[in-house]
>>> print(open('coords.cif').read())   # mmCIF, N, CA and C atoms, pLDDT in the B column; chains and numbers go by the auth columns
data_my_file
#
loop_
_atom_site.group_PDB
_atom_site.id
_atom_site.type_symbol
_atom_site.label_atom_id
_atom_site.label_comp_id
_atom_site.label_asym_id
_atom_site.label_seq_id
_atom_site.Cartn_x
_atom_site.Cartn_y
_atom_site.Cartn_z
_atom_site.B_iso_or_equiv
_atom_site.auth_seq_id
_atom_site.auth_asym_id
ATOM 1 N N LEU A 1 0.325 8.230 9.917 69.00 1 N
ATOM 2 C CA LEU A 1 0.136 6.852 9.503 69.00 1 N
ATOM 3 C C LEU A 1 1.324 6.343 8.692 69.00 1 N
ATOM 4 N N ILE A 2 1.641 5.114 8.887 88.00 2 N
ATOM 5 C CA ILE A 2 2.721 4.502 8.119 88.00 2 N
ATOM 6 C C ILE A 2 2.370 4.438 6.643 88.00 2 N
ATOM 7 N N LEU A 3 1.079 4.336 6.337 92.00 3 N
ATOM 8 C CA LEU A 3 0.661 4.273 4.938 92.00 3 N
ATOM 9 C C LEU A 3 1.052 5.523 4.164 92.00 3 N
ATOM 10 N N ARG A 4 1.073 6.652 4.823 93.00 4 N
ATOM 11 C CA ARG A 4 1.425 7.902 4.153 93.00 4 N
ATOM 12 C C ARG A 4 2.830 7.835 3.577 93.00 4 N
ATOM 13 N N ASN A 5 3.709 7.092 4.232 93.00 5 N
ATOM 14 C CA ASN A 5 5.111 7.006 3.817 93.00 5 N
ATOM 15 C C ASN A 5 5.506 5.625 3.318 93.00 5 N
ATOM 16 N N ILE A 6 4.559 4.866 2.816 94.00 6 N
ATOM 17 C CA ILE A 6 4.840 3.486 2.433 94.00 6 N
ATOM 18 C C ILE A 6 5.860 3.388 1.296 94.00 6 N
ATOM 19 N N THR A 7 5.988 4.417 0.499 93.00 7 N
ATOM 20 C CA THR A 7 6.968 4.368 -0.594 93.00 7 N
ATOM 21 C C THR A 7 8.397 4.259 -0.075 93.00 7 N
ATOM 22 N N LYS A 8 8.642 4.647 1.159 92.00 8 N
ATOM 23 C CA LYS A 8 9.989 4.529 1.725 92.00 8 N
ATOM 24 C C LYS A 8 10.449 3.072 1.793 92.00 8 N
ATOM 25 N N PHE A 9 9.491 2.147 1.865 92.00 9 N
ATOM 26 C CA PHE A 9 9.858 0.733 1.898 92.00 9 N
ATOM 27 C C PHE A 9 10.390 0.243 0.559 92.00 9 N
ATOM 28 N N SER A 10 10.118 0.970 -0.514 89.00 10 N
ATOM 29 C CA SER A 10 10.625 0.556 -1.819 89.00 10 N
ATOM 30 C C SER A 10 12.144 0.621 -1.863 89.00 10 N
ATOM 31 N N ASP A 11 12.759 1.404 -0.971 89.00 11 N
ATOM 32 C CA ASP A 11 14.217 1.461 -0.885 89.00 11 N
ATOM 33 C C ASP A 11 14.814 0.102 -0.526 89.00 11 N
ATOM 34 N N LEU A 12 14.012 -0.778 0.071 92.00 12 N
ATOM 35 C CA LEU A 12 14.495 -2.111 0.447 92.00 12 N
ATOM 36 C C LEU A 12 14.632 -3.028 -0.762 92.00 12 N
ATOM 37 N N GLU A 13 14.077 -2.605 -1.897 92.00 13 N
ATOM 38 C CA GLU A 13 14.138 -3.349 -3.146 92.00 13 N
ATOM 39 C C GLU A 13 13.598 -4.773 -3.023 92.00 13 N
ATOM 40 N N CYS A 14 12.468 -4.891 -2.340 95.00 14 N
ATOM 41 C CA CYS A 14 11.773 -6.175 -2.241 95.00 14 N
ATOM 42 C C CYS A 14 10.275 -5.895 -2.318 95.00 14 N
ATOM 43 N N PRO A 15 9.481 -6.905 -2.659 96.00 15 N
ATOM 44 C CA PRO A 15 8.034 -6.693 -2.761 96.00 15 N
ATOM 45 C C PRO A 15 7.445 -6.213 -1.433 96.00 15 N
ATOM 46 N N ILE A 16 6.413 -5.399 -1.534 96.00 16 N
ATOM 47 C CA ILE A 16 5.747 -4.842 -0.359 96.00 16 N
ATOM 48 C C ILE A 16 4.367 -5.469 -0.232 96.00 16 N
ATOM 49 N N LEU A 17 4.061 -5.967 0.953 96.00 17 N
ATOM 50 C CA LEU A 17 2.750 -6.535 1.277 96.00 17 N
ATOM 51 C C LEU A 17 2.041 -5.587 2.233 96.00 17 N
ATOM 52 N N LEU A 18 0.796 -5.248 1.917 97.00 18 N
ATOM 53 C CA LEU A 18 -0.010 -4.392 2.780 97.00 18 N
ATOM 54 C C LEU A 18 -1.178 -5.199 3.319 97.00 18 N
ATOM 55 N N GLY A 19 -1.324 -5.242 4.617 96.00 19 N
ATOM 56 C CA GLY A 19 -2.426 -5.937 5.265 96.00 19 N
ATOM 57 C C GLY A 19 -3.232 -4.973 6.112 96.00 19 N
ATOM 58 N N SER A 20 -3.982 -4.097 5.465 95.00 20 N
ATOM 59 C CA SER A 20 -4.727 -3.059 6.189 95.00 20 N
ATOM 60 C C SER A 20 -6.221 -3.355 6.283 95.00 20 N
ATOM 61 N N SER A 21 -6.648 -4.471 5.744 96.00 21 N
ATOM 62 C CA SER A 21 -8.070 -4.803 5.681 96.00 21 N
ATOM 63 C C SER A 21 -8.710 -4.865 7.066 96.00 21 N
ATOM 64 N N ARG A 22 -9.751 -4.040 7.256 96.00 22 N
ATOM 65 C CA ARG A 22 -10.565 -3.991 8.474 96.00 22 N
ATOM 66 C C ARG A 22 -9.796 -3.588 9.747 96.00 22 N
ATOM 67 N N LYS A 23 -8.618 -3.036 9.603 96.00 23 N
ATOM 68 C CA LYS A 23 -7.802 -2.701 10.773 96.00 23 N
ATOM 69 C C LYS A 23 -8.421 -1.567 11.583 96.00 23 N
ATOM 70 N N SER A 24 -8.013 -1.484 12.841 96.00 24 N
ATOM 71 C CA SER A 24 -8.607 -0.514 13.772 96.00 24 N
ATOM 72 C C SER A 24 -8.336 0.936 13.383 96.00 24 N
ATOM 73 N N PHE A 25 -7.249 1.202 12.651 95.00 25 N
ATOM 74 C CA PHE A 25 -6.989 2.592 12.272 95.00 25 N
ATOM 75 C C PHE A 25 -8.120 3.140 11.403 95.00 25 N
ATOM 76 N N ILE A 26 -8.778 2.263 10.649 96.00 26 N
ATOM 77 C CA ILE A 26 -9.899 2.702 9.809 96.00 26 N
ATOM 78 C C ILE A 26 -11.012 3.253 10.693 96.00 26 N
ATOM 79 N N ALA A 27 -11.327 2.547 11.756 97.00 27 N
ATOM 80 C CA ALA A 27 -12.365 3.015 12.680 97.00 27 N
ATOM 81 C C ALA A 27 -11.938 4.298 13.382 97.00 27 N
ATOM 82 N N LYS A 28 -10.664 4.417 13.688 95.00 28 N
ATOM 83 C CA LYS A 28 -10.184 5.605 14.401 95.00 28 N
ATOM 84 C C LYS A 28 -10.298 6.864 13.561 95.00 28 N
ATOM 85 N N VAL A 29 -10.120 6.747 12.241 95.00 29 N
ATOM 86 C CA VAL A 29 -10.229 7.937 11.397 95.00 29 N
ATOM 87 C C VAL A 29 -11.630 8.098 10.822 95.00 29 N
ATOM 88 N N SER A 30 -12.518 7.178 11.144 95.00 30 N
ATOM 89 C CA SER A 30 -13.882 7.220 10.628 95.00 30 N
ATOM 90 C C SER A 30 -14.865 7.386 11.781 95.00 30 N
ATOM 91 N N ASN A 31 -15.834 6.483 11.874 93.00 31 N
ATOM 92 C CA ASN A 31 -16.889 6.598 12.887 93.00 31 N
ATOM 93 C C ASN A 31 -16.870 5.464 13.897 93.00 31 N
ATOM 94 N N ASP A 32 -15.716 4.900 14.147 95.00 32 N
ATOM 95 C CA ASP A 32 -15.564 3.827 15.130 95.00 32 N
ATOM 96 C C ASP A 32 -16.420 2.600 14.802 95.00 32 N
ATOM 97 N N GLU A 33 -16.475 2.265 13.501 96.00 33 N
ATOM 98 C CA GLU A 33 -17.247 1.112 13.071 96.00 33 N
ATOM 99 C C GLU A 33 -16.606 -0.192 13.529 96.00 33 N
ATOM 100 N N PRO A 34 -17.427 -1.235 13.706 96.00 34 N
ATOM 101 C CA PRO A 34 -16.875 -2.559 13.992 96.00 34 N
ATOM 102 C C PRO A 34 -16.193 -3.100 12.726 96.00 34 N
ATOM 103 N N PRO A 35 -15.326 -4.085 12.863 96.00 35 N
ATOM 104 C CA PRO A 35 -14.561 -4.595 11.713 96.00 35 N
ATOM 105 C C PRO A 35 -15.395 -4.953 10.491 96.00 35 N
ATOM 106 N N GLU A 36 -16.547 -5.568 10.687 96.00 36 N
ATOM 107 C CA GLU A 36 -17.353 -5.997 9.538 96.00 36 N
ATOM 108 C C GLU A 36 -17.962 -4.829 8.768 96.00 36 N
ATOM 109 N N GLN A 37 -17.838 -3.621 9.276 96.00 37 N
ATOM 110 C CA GLN A 37 -18.363 -2.432 8.592 96.00 37 N
ATOM 111 C C GLN A 37 -17.248 -1.514 8.085 96.00 37 N
ATOM 112 N N ARG A 38 -16.072 -2.062 7.860 97.00 38 N
ATOM 113 C CA ARG A 38 -14.919 -1.255 7.444 97.00 38 N
ATOM 114 C C ARG A 38 -14.504 -1.505 5.989 97.00 38 N
ATOM 115 N N LEU A 39 -15.408 -2.012 5.171 98.00 39 N
ATOM 116 C CA LEU A 39 -15.062 -2.315 3.787 98.00 39 N
ATOM 117 C C LEU A 39 -14.590 -1.086 3.030 98.00 39 N
ATOM 118 N N ALA A 40 -15.331 -0.009 3.118 97.00 40 N
ATOM 119 C CA ALA A 40 -14.961 1.205 2.374 97.00 40 N
ATOM 120 C C ALA A 40 -13.559 1.694 2.763 97.00 40 N
ATOM 121 N N GLY A 41 -13.278 1.691 4.041 97.00 41 N
ATOM 122 C CA GLY A 41 -11.949 2.099 4.493 97.00 41 N
ATOM 123 C C GLY A 41 -10.869 1.134 4.039 97.00 41 N
ATOM 124 N N SER A 42 -11.186 -0.146 4.060 98.00 42 N
ATOM 125 C CA SER A 42 -10.229 -1.156 3.593 98.00 42 N
ATOM 126 C C SER A 42 -9.910 -0.945 2.115 98.00 42 N
ATOM 127 N N LEU A 43 -10.957 -0.721 1.314 98.00 43 N
ATOM 128 C CA LEU A 43 -10.745 -0.491 -0.113 98.00 43 N
ATOM 129 C C LEU A 43 -9.937 0.780 -0.355 98.00 43 N
ATOM 130 N N SER A 44 -10.219 1.805 0.419 97.00 44 N
ATOM 131 C CA SER A 44 -9.464 3.054 0.281 97.00 44 N
ATOM 132 C C SER A 44 -7.983 2.837 0.551 97.00 44 N
ATOM 133 N N SER A 45 -7.688 2.073 1.588 97.00 45 N
ATOM 134 C CA SER A 45 -6.276 1.837 1.916 97.00 45 N
ATOM 135 C C SER A 45 -5.588 0.985 0.856 97.00 45 N
ATOM 136 N N VAL A 46 -6.307 0.033 0.275 98.00 46 N
ATOM 137 C CA VAL A 46 -5.735 -0.780 -0.804 98.00 46 N
ATOM 138 C C VAL A 46 -5.442 0.098 -2.021 98.00 46 N
ATOM 139 N N LEU A 47 -6.380 0.945 -2.387 98.00 47 N
ATOM 140 C CA LEU A 47 -6.168 1.798 -3.557 98.00 47 N
ATOM 141 C C LEU A 47 -5.027 2.787 -3.333 98.00 47 N
ATOM 142 N N TRP A 48 -4.918 3.289 -2.127 97.00 48 N
ATOM 143 C CA TRP A 48 -3.777 4.159 -1.807 97.00 48 N
ATOM 144 C C TRP A 48 -2.481 3.356 -1.957 97.00 48 N
ATOM 145 N N GLY A 49 -2.455 2.166 -1.385 96.00 49 N
ATOM 146 C CA GLY A 49 -1.260 1.335 -1.496 96.00 49 N
ATOM 147 C C GLY A 49 -0.906 1.047 -2.945 96.00 49 N
ATOM 148 N N LEU A 50 -1.910 0.739 -3.739 96.00 50 N
ATOM 149 C CA LEU A 50 -1.691 0.473 -5.154 96.00 50 N
ATOM 150 C C LEU A 50 -1.061 1.684 -5.834 96.00 50 N
ATOM 151 N N SER A 51 -1.563 2.861 -5.520 95.00 51 N
ATOM 152 C CA SER A 51 -1.025 4.085 -6.121 95.00 51 N
ATOM 153 C C SER A 51 0.399 4.378 -5.667 95.00 51 N
ATOM 154 N N GLN A 52 0.812 3.765 -4.563 95.00 52 N
ATOM 155 C CA GLN A 52 2.141 4.000 -4.005 95.00 52 N
ATOM 156 C C GLN A 52 3.122 2.861 -4.301 95.00 52 N
ATOM 157 N N GLY A 53 2.699 1.910 -5.119 94.00 53 N
ATOM 158 C CA GLY A 53 3.614 0.847 -5.538 94.00 53 N
ATOM 159 C C GLY A 53 3.598 -0.424 -4.716 94.00 53 N
ATOM 160 N N VAL A 54 2.605 -0.596 -3.849 96.00 54 N
ATOM 161 C CA VAL A 54 2.496 -1.840 -3.074 96.00 54 N
ATOM 162 C C VAL A 54 2.237 -2.986 -4.051 96.00 54 N
ATOM 163 N N ASN A 55 2.889 -4.127 -3.797 96.00 55 N
ATOM 164 C CA ASN A 55 2.815 -5.263 -4.710 96.00 55 N
ATOM 165 C C ASN A 55 1.743 -6.289 -4.357 96.00 55 N
ATOM 166 N N PHE A 56 1.507 -6.495 -3.067 97.00 56 N
ATOM 167 C CA PHE A 56 0.589 -7.526 -2.612 97.00 56 N
ATOM 168 C C PHE A 56 -0.304 -6.977 -1.512 97.00 56 N
ATOM 169 N N PHE A 57 -1.524 -7.522 -1.439 98.00 57 N
ATOM 170 C CA PHE A 57 -2.483 -7.076 -0.438 98.00 57 N
ATOM 171 C C PHE A 57 -3.086 -8.280 0.264 98.00 57 N
ATOM 172 N N ARG A 58 -3.204 -8.194 1.575 98.00 58 N
ATOM 173 C CA ARG A 58 -3.899 -9.207 2.368 98.00 58 N
ATOM 174 C C ARG A 58 -5.245 -8.604 2.712 98.00 58 N
ATOM 175 N N VAL A 59 -6.328 -9.218 2.234 98.00 59 N
ATOM 176 C CA VAL A 59 -7.657 -8.643 2.412 98.00 59 N
ATOM 177 C C VAL A 59 -8.655 -9.694 2.868 98.00 59 N
ATOM 178 N N HIS A 60 -9.756 -9.229 3.440 97.00 60 N
ATOM 179 C CA HIS A 60 -10.866 -10.102 3.812 97.00 60 N
ATOM 180 C C HIS A 60 -11.890 -10.188 2.687 97.00 60 N
ATOM 181 N N ASP A 61 -12.098 -9.104 1.996 97.00 61 N
ATOM 182 C CA ASP A 61 -13.165 -8.986 1.011 97.00 61 N
ATOM 183 C C ASP A 61 -12.570 -9.052 -0.400 97.00 61 N
ATOM 184 N N VAL A 62 -12.243 -10.253 -0.824 98.00 62 N
ATOM 185 C CA VAL A 62 -11.512 -10.451 -2.077 98.00 62 N
ATOM 186 C C VAL A 62 -12.281 -9.958 -3.302 98.00 62 N
ATOM 187 N N PRO A 63 -13.526 -10.375 -3.533 98.00 63 N
ATOM 188 C CA PRO A 63 -14.217 -9.916 -4.753 98.00 63 N
ATOM 189 C C PRO A 63 -14.356 -8.386 -4.823 98.00 63 N
ATOM 190 N N GLU A 64 -14.675 -7.774 -3.699 98.00 64 N
ATOM 191 C CA GLU A 64 -14.833 -6.316 -3.672 98.00 64 N
ATOM 192 C C GLU A 64 -13.504 -5.615 -3.936 98.00 64 N
ATOM 193 N N THR A 65 -12.437 -6.166 -3.397 98.00 65 N
ATOM 194 C CA THR A 65 -11.113 -5.568 -3.598 98.00 65 N
ATOM 195 C C THR A 65 -10.675 -5.714 -5.051 98.00 65 N
ATOM 196 N N ILE A 66 -10.918 -6.871 -5.642 98.00 66 N
ATOM 197 C CA ILE A 66 -10.578 -7.075 -7.045 98.00 66 N
ATOM 198 C C ILE A 66 -11.340 -6.086 -7.920 98.00 66 N
ATOM 199 N N GLN A 67 -12.628 -5.906 -7.640 98.00 67 N
ATOM 200 C CA GLN A 67 -13.424 -4.955 -8.413 98.00 67 N
ATOM 201 C C GLN A 67 -12.864 -3.542 -8.271 98.00 67 N
ATOM 202 N N ALA A 68 -12.534 -3.135 -7.050 98.00 68 N
ATOM 203 C CA ALA A 68 -12.000 -1.790 -6.823 98.00 68 N
ATOM 204 C C ALA A 68 -10.680 -1.592 -7.576 98.00 68 N
ATOM 205 N N ILE A 69 -9.820 -2.594 -7.565 98.00 69 N
ATOM 206 C CA ILE A 69 -8.541 -2.501 -8.265 98.00 69 N
ATOM 207 C C ILE A 69 -8.763 -2.423 -9.776 98.00 69 N
ATOM 208 N N LYS A 70 -9.691 -3.214 -10.301 97.00 70 N
ATOM 209 C CA LYS A 70 -9.978 -3.178 -11.742 97.00 70 N
ATOM 210 C C LYS A 70 -10.478 -1.797 -12.167 97.00 70 N
ATOM 211 N N VAL A 71 -11.375 -1.224 -11.377 97.00 71 N
ATOM 212 C CA VAL A 71 -11.900 0.111 -11.706 97.00 71 N
ATOM 213 C C VAL A 71 -10.782 1.145 -11.610 97.00 71 N
ATOM 214 N N TYR A 72 -9.987 1.074 -10.564 97.00 72 N
ATOM 215 C CA TYR A 72 -8.863 1.995 -10.384 97.00 72 N
ATOM 216 C C TYR A 72 -7.929 1.937 -11.590 97.00 72 N
ATOM 217 N N ARG A 73 -7.566 0.716 -11.986 95.00 73 N
ATOM 218 C CA ARG A 73 -6.642 0.558 -13.122 95.00 73 N
ATOM 219 C C ARG A 73 -7.262 1.046 -14.427 95.00 73 N
ATOM 220 N N ALA A 74 -8.556 0.803 -14.616 96.00 74 N
ATOM 221 C CA ALA A 74 -9.222 1.276 -15.832 96.00 74 N
ATOM 222 C C ALA A 74 -9.187 2.802 -15.901 96.00 74 N
ATOM 223 N N ILE A 75 -9.425 3.444 -14.774 95.00 75 N
ATOM 224 C CA ILE A 75 -9.377 4.910 -14.744 95.00 75 N
ATOM 225 C C ILE A 75 -7.951 5.401 -14.980 95.00 75 N
ATOM 226 N N ALA A 76 -6.999 4.784 -14.313 92.00 76 N
ATOM 227 C CA ALA A 76 -5.594 5.205 -14.459 92.00 76 N
ATOM 228 C C ALA A 76 -5.108 4.987 -15.885 92.00 76 N
ATOM 229 N N ASP A 77 -5.482 3.866 -16.503 92.00 77 N
ATOM 230 C CA ASP A 77 -5.056 3.595 -17.874 92.00 77 N
ATOM 231 C C ASP A 77 -5.721 4.544 -18.858 92.00 77 N
ATOM 232 N N ALA A 78 -6.990 4.881 -18.635 90.00 78 N
ATOM 233 C CA ALA A 78 -7.700 5.805 -19.499 90.00 78 N
ATOM 234 C C ALA A 78 -7.066 7.193 -19.417 90.00 78 N
ATOM 235 N N LYS A 79 -6.642 7.565 -18.229 69.00 79 N
ATOM 236 C CA LYS A 79 -6.012 8.868 -18.026 69.00 79 N
ATOM 237 C C LYS A 79 -4.692 8.941 -18.792 69.00 79 N
ATOM 238 N N SER A 80 -3.915 7.863 -18.789 65.00 80 N
ATOM 239 C CA SER A 80 -2.617 7.870 -19.462 65.00 80 N
ATOM 240 C C SER A 80 -2.774 7.793 -20.986 65.00 80 N
ATOM 241 N N ASP A 81 -3.942 7.349 -21.461 66.00 81 N
ATOM 242 C CA ASP A 81 -4.206 7.288 -22.905 66.00 81 N
ATOM 243 C C ASP A 81 -4.521 8.667 -23.478 66.00 81 N
ATOM 244 N N SER A 82 -4.917 9.593 -22.615 58.00 82 N
ATOM 245 C CA SER A 82 -5.329 10.926 -23.097 58.00 82 N
ATOM 246 C C SER A 82 -4.161 11.742 -23.541 58.00 82 N
#
>>> encode(input="coords.cif", output="structure tokens")
Amino acid sequence: LILRNITKFSDLECPILLGSSRKSFIAKVSNDEPPEQRLAGSLSSVLWGLSQGVNFFRVHDVPETIQAIKVYRAIADAKSDS
């Protein structure tokens, strides 16, 4: 997957946009769900992108994605405080 190596795009020294929401690769690595049932996979790909330095995300499920990012950041910040 290109997502595995997304940090290589940082060499371009420009912001990175990830648009993985509900994409077919999620179904291919999961249970072949239809697009409307790919929220968990979409959130997983966003959180991976966030951990790899992605700057912007194109998503379908905005409130759920915002919540996932807030929780991710709270955990990451708590870990760095220890």
>>> resolve_selection(input="coords.cif", expression="the PyMOL selection byres ((chain N and resi 42-51) around 7)", output="VMD selection string")
chain N and resid 20 to 23 26 38 to 41 52 to 55 64 to 65 68 to 69
>>> atom_distance(input="coords.cif", atom1="CA of Phe57 (chain N)", atom2="CA of Glu36 (chain N)")
17.9 Å
>>> select_by_dssp(input="coords.cif", residues="chain N", states="alpha helix (DSSP H)", output="count of residues only")
39
>>> select_by_dssp(input="coords.cif", residues="chain N", states="strand (DSSP E or B)", output="number ranges by chain")
N: 17-18, 56-57
>>> write_last_selection(input="coords.cif", atoms="N, CA and C atoms", output="mmCIF file, in the coordinates of the input")
data_model
loop_
_atom_site.group_PDB
_atom_site.id
_atom_site.type_symbol
_atom_site.label_atom_id
_atom_site.label_comp_id
_atom_site.auth_asym_id
_atom_site.auth_seq_id
_atom_site.Cartn_x
_atom_site.Cartn_y
_atom_site.Cartn_z
ATOM 1 N N LEU N 17 4.061 -5.967 0.953
ATOM 2 C CA LEU N 17 2.750 -6.535 1.277
ATOM 3 C C LEU N 17 2.041 -5.587 2.233
ATOM 4 N N LEU N 18 0.796 -5.248 1.917
ATOM 5 C CA LEU N 18 -0.010 -4.392 2.780
ATOM 6 C C LEU N 18 -1.178 -5.199 3.319
ATOM 7 N N PHE N 56 1.507 -6.495 -3.067
ATOM 8 C CA PHE N 56 0.589 -7.526 -2.612
ATOM 9 C C PHE N 56 -0.304 -6.977 -1.512
ATOM 10 N N PHE N 57 -1.524 -7.522 -1.439
ATOM 11 C CA PHE N 57 -2.483 -7.076 -0.438
ATOM 12 C C PHE N 57 -3.086 -8.280 0.264
#
>>> closest_residue(input="coords.cif", among="N:Val59, N:Leu18, N:Ile66, N:Ile75", to="Ile2 (chain N)", atoms="only C-alpha atoms")
N:Leu18
>>> atom_distance(input="coords.cif", atom1="atom N of Gln37 (chain N)", atom2="atom N of Ser24 (chain N)")
10.7 Å
>>> atom_distance(input="coords.cif", atom1="atom C of Val71 (chain N)", atom2="atom N of Lys28 (chain N)")
25.5 Å
>>> decode(input="coords.cif", residues="region 47-75 of chain N", atoms="C-alpha atoms", output="PDB file, in the first residue's frame")
ATOM      1  CA  LEU N  47      -4.993   7.902  12.186  1.00  0.00           C
ATOM      2  CA  TRP N  48      -2.153   6.143  10.398  1.00  0.00           C
ATOM      3  CA  GLY N  49      -1.736   9.168   8.144  1.00  0.00           C
ATOM      4  CA  LEU N  50      -1.753  11.474  11.142  1.00  0.00           C
ATOM      5  CA  SER N  51       0.975   9.410  12.791  1.00  0.00           C
ATOM      6  CA  GLN N  52       3.021   9.672   9.590  1.00  0.00           C
ATOM      7  CA  GLY N  53       2.819  13.454   9.243  1.00  0.00           C
ATOM      8  CA  VAL N  54      -0.095  13.884   6.823  1.00  0.00           C
ATOM      9  CA  ASN N  55      -1.354  17.473   6.987  1.00  0.00           C
ATOM     10  CA  PHE N  56      -4.850  17.320   5.496  1.00  0.00           C
ATOM     11  CA  PHE N  57      -7.562  14.692   5.161  1.00  0.00           C
ATOM     12  CA  ARG N  58     -10.487  14.404   2.757  1.00  0.00           C
ATOM     13  CA  VAL N  59     -13.222  12.472   4.553  1.00  0.00           C
ATOM     14  CA  HIS N  60     -16.919  11.654   4.333  1.00  0.00           C
ATOM     15  CA  ASP N  61     -17.550  11.270   8.052  1.00  0.00           C
ATOM     16  CA  VAL N  62     -16.340  14.581   9.463  1.00  0.00           C
ATOM     17  CA  PRO N  63     -17.645  14.426  13.074  1.00  0.00           C
ATOM     18  CA  GLU N  64     -16.408  10.857  13.563  1.00  0.00           C
ATOM     19  CA  THR N  65     -13.010  11.699  12.095  1.00  0.00           C
ATOM     20  CA  ILE N  66     -12.648  14.781  14.288  1.00  0.00           C
ATOM     21  CA  GLN N  67     -13.485  12.695  17.356  1.00  0.00           C
ATOM     22  CA  ALA N  68     -10.951  10.012  16.381  1.00  0.00           C
ATOM     23  CA  ILE N  69      -8.231  12.633  15.847  1.00  0.00           C
ATOM     24  CA  LYS N  70      -8.999  14.312  19.195  1.00  0.00           C
ATOM     25  CA  VAL N  71      -8.758  10.988  21.040  1.00  0.00           C
ATOM     26  CA  TYR N  72      -5.563  10.065  19.179  1.00  0.00           C
ATOM     27  CA  ARG N  73      -3.957  13.403  20.054  1.00  0.00           C
ATOM     28  CA  ALA N  74      -5.052  13.173  23.696  1.00  0.00           C
ATOM     29  CA  ILE N  75      -3.426   9.754  23.986  1.00  0.00           C
TER      30      ILE N  75
END
